[in-house]
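Encoded as structure tokens, the structure appears first; notes follow it.
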Amino acid sequence: MAGRPARQPEAAGAGRPPRPGKALRQRLAELRGPATTPHPLDARALAALAANPGCRRRALLDGAGVDKLALAQALGSPAAFGQSQFAHQRGNTFEARVKADGGQALTRLLHERLRDGSPAPEPGTTTVPDLTAAGPQGRTARTALALREATAAGGWALLDHPMVSLDIAGSPAFLEPDAVVVHPDGSWTVIEIKSFPMVDGSADPAKVGAAARQAAVYALALDRVAALAGARVRHEVLLVCPKDFSNLPTAELVDVRKQLAVTRRQLTRLTRIEEIAATLPDGLTFDLRLADDGRTVTRPVEELRAAVDAVDAAYAPECLSACELAVHCRARCRAAGGVESLGRGVRGELGGLTTVEAV
């Protein structure tokens with residue numbers, strides 16, 4: 001079809017994320033606990049990590065798959081943020097409603113917002129590939145194949161909860177966007193579905209900003225797959241929300257070029273996980289040593305606190321809205337008299353004066 005980029009030859013192993021070495025995987029398993037299932041790293045966590053790339057503590061814990069919320073609770077400093085169960089259920093209900101017609105509403109909303117003069121998708125012509133596969137690696141490979149096939153077909157396609165991967169400081173993270181739409185011209189658009197309302201055509205700027213940063217992570221992960229498929233990822237994502245206070249969907253295009261540039265730059269600044277792990281004492285672990293009930297922590301809190309404090313943190317007040325360990329890090333920063341607790345702006349103005357006592 002005219003206007004669609006030519007397909008590039010498929011490289012061996014296309015769509016498969018890089019895997020860390022055996023020694024690193026073993027070390028990360030030791031850090032989180034040999035019997036502990038790795039906690040998945042999602043786009044929201046990656047966006048927060050990109051906002052504070054100097055925090056070696058968060059980089060290591062996220063790379064090792066440590067459940068930071070459970071760790072914070074065991075330390076006696078639980079986080080005071082997160083989505084309530086009611087909000088989570090409401091979001092799932094709204095997303096299911098939006099996708100109930102096989103992607104027709106989403107592609108129609110996207111075409112209406114584009115206003116690019118292209119033909120509208122005909123009813124029943126949007127394909128929805130089956131992305132079922134075993135494990136995150138299998139789902140990632142299946143998604144890459146479905147994207148290539150949809151791009152080559154030259155029609156509208158909706159990938160419902162595809163899985164893509166992104167290499168973070170030498171460790172792969174598997175990410176699951178709400179949806180990705182393939183256009184007839186071979187371009188791809190990330191779809192972000194949120195349950196907060198758009199009232200009179202606008203939504204809470206803070207929530208829109210957070211959604212844009214999250215969508216930028218997905219777009220960044222899709223870039224590598226797009227290069228192999230001879231496609232391109234559009235820099236505008238479609239944000240779908242309830243209209244006013246109803247359950248009817250409305251949408252707006254959000255330009256994420258700025259968020260993409262910041263996220264790409266910040267993630268490249270992250271120290272590689274193996275470099276951080278190499279500086280730690282042998283035998284150090286964040287294992288909670290859960291009892292047989294799977295909930296009761298048997299590890300002494302002093303041991304856990306010593307393990308956490310062995311890894312340098314870069315605390316800032318913004319961490320309170322983005323990291324499960326922020327309350328613990330704030331307390332330790334205040335106890336040491338660090339000026340970081342007053343904010344990055346103050347810290348920058350004070351230069352070599354690093355403690356309140358010195359100031």
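Going by the structure tokens order, chains are called A, B, ..., each with residues numbered from 1, while ligands are numbered from 1 in the order shown.
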Would you write out, as a Markdown table, a table of all residues in region 30-122 of chain A that have an atom no more than 12 Å from an atom of region 221-243 of chain A, listing for each the closest atom pair and the distance in Å to one decimal, considering only C-alpha atoms and ordering rows by chain and rising residue number?
```
| residue | atom | partner | partner_atom | distance |
| --- | --- | --- | --- | --- |
| A:Asp42 | CA | A:Ala221 | CA | 11.8 |
| A:Ala43 | CA | A:Ala221 | CA | 9.9 |
| A:Leu46 | CA | A:Ala221 | CA | 11.2 |
| A:Arg90 | CA | A:Pro242 | CA | 10.8 |
| A:Gly91 | CA | A:Cys241 | CA | 9.6 |
| A:Thr93 | CA | A:Pro242 | CA | 11.3 |
| A:Phe94 | CA | A:Pro242 | CA | 7.7 |
| A:Glu95 | CA | A:Val240 | CA | 9.1 |
| A:Arg97 | CA | A:Pro242 | CA | 10.5 |
| A:Val98 | CA | A:Val240 | CA | 8.7 |
| A:Lys99 | CA | A:Val240 | CA | 11.2 |
| A:Ala105 | CA | A:Val240 | CA | 10.6 |
| A:Leu106 | CA | A:Val240 | CA | 8.4 |
| A:Thr107 | CA | A:Leu238 | CA | 10.0 |
| A:Arg108 | CA | A:Leu238 | CA | 11.5 |
| A:Leu109 | CA | A:Leu238 | CA | 8.6 |
| A:Leu110 | CA | A:Leu238 | CA | 6.7 |
| A:His111 | CA | A:Leu238 | CA | 10.2 |
| A:Glu112 | CA | A:Leu238 | CA | 11.0 |
| A:Arg113 | CA | A:Leu238 | CA | 8.5 |
| A:Leu114 | CA | A:Glu236 | CA | 9.5 |
```
Dump as a compact mmCIF listing (two decimals), in the first residue's frame, selection limited to N, CA and C atoms:
```txt
# COMPACT_ATOMS: atom_id res chain seq x y z
N ASP A 42 6.46 -2.58 36.03
CA ASP A 42 5.51 -2.06 35.05
C ASP A 42 5.93 -0.67 34.57
N ALA A 43 5.15 -0.13 33.64
CA ALA A 43 5.50 1.15 33.03
C ALA A 43 5.43 2.29 34.04
N LEU A 46 8.64 2.20 35.89
CA LEU A 46 9.74 2.63 35.04
C LEU A 46 9.74 4.14 34.86
N ARG A 90 -13.13 -0.13 39.03
CA ARG A 90 -13.81 0.81 38.14
C ARG A 90 -13.04 0.96 36.83
N GLY A 91 -11.71 0.99 36.93
CA GLY A 91 -10.89 1.09 35.73
C GLY A 91 -11.03 -0.13 34.84
N THR A 93 -13.59 -2.17 34.71
CA THR A 93 -14.94 -2.18 34.14
C THR A 93 -15.03 -1.24 32.95
N PHE A 94 -14.45 -0.04 33.08
CA PHE A 94 -14.49 0.92 31.99
C PHE A 94 -13.69 0.42 30.78
N GLU A 95 -12.53 -0.17 31.02
CA GLU A 95 -11.71 -0.69 29.92
C GLU A 95 -12.45 -1.80 29.18
N ARG A 97 -15.63 -2.15 28.92
CA ARG A 97 -16.72 -1.54 28.16
C ARG A 97 -16.20 -0.94 26.85
N VAL A 98 -15.06 -0.27 26.94
CA VAL A 98 -14.49 0.38 25.76
C VAL A 98 -14.12 -0.65 24.68
N LYS A 99 -13.65 -1.83 25.12
CA LYS A 99 -13.17 -2.84 24.18
C LYS A 99 -14.24 -3.88 23.83
N ALA A 105 -14.84 0.83 18.59
CA ALA A 105 -14.96 2.16 19.22
C ALA A 105 -13.60 2.83 19.35
N LEU A 106 -12.59 2.06 19.69
CA LEU A 106 -11.26 2.64 19.86
C LEU A 106 -10.69 3.15 18.54
N THR A 107 -10.80 2.34 17.48
CA THR A 107 -10.28 2.79 16.19
C THR A 107 -11.08 3.97 15.65
N ARG A 108 -12.39 4.00 15.93
CA ARG A 108 -13.20 5.13 15.49
C ARG A 108 -12.80 6.41 16.22
N LEU A 109 -12.61 6.30 17.55
CA LEU A 109 -12.17 7.45 18.34
C LEU A 109 -10.82 7.96 17.85
N LEU A 110 -9.91 7.03 17.59
CA LEU A 110 -8.58 7.41 17.13
C LEU A 110 -8.66 8.13 15.79
N HIS A 111 -9.44 7.60 14.86
CA HIS A 111 -9.56 8.23 13.54
C HIS A 111 -10.18 9.62 13.65
N GLU A 112 -11.19 9.76 14.50
CA GLU A 112 -11.84 11.06 14.68
C GLU A 112 -10.87 12.10 15.23
N ARG A 113 -10.01 11.67 16.16
CA ARG A 113 -9.08 12.63 16.77
C ARG A 113 -7.92 12.97 15.84
N LEU A 114 -7.57 12.06 14.93
CA LEU A 114 -6.45 12.31 14.02
C LEU A 114 -6.76 13.45 13.05
```
### Message
Please return, as a PyMOL selection string, all residues of region 170-296 of chain A that DSSP assigns to helix (DSSP H, G or I) on the basis of the backbone.
### Response
chain A and resi 205-229+257-268+273-278
Dump as a tab-separated table the rows for residues of region 52-100 of chain A within 12 Å of region 37-40 of chain A: closest atom pair and distance in Å with one decimal, only C-alpha atoms counted, ordered by chain and rising residue number.
```
residue	atom	partner	partner_atom	distance
A:Leu61	CA	A:His39	CA	9.6
A:Asp62	CA	A:His39	CA	7.9
A:Gly63	CA	A:Pro38	CA	9.3
A:Ala64	CA	A:Pro38	CA	7.1
A:Gly65	CA	A:Pro38	CA	4.3
A:Val66	CA	A:His39	CA	5.7
A:Asp67	CA	A:His39	CA	5.4
A:Lys68	CA	A:His39	CA	8.7
A:Leu69	CA	A:His39	CA	10.2
A:Ala70	CA	A:His39	CA	10.5
A:Leu71	CA	A:His39	CA	11.6
```
### Message
Write out as a count of residues only the set of residues from region 226-262 of chain A that DSSP, computed on the backbone, places in strand (DSSP E or B).
### Response
17
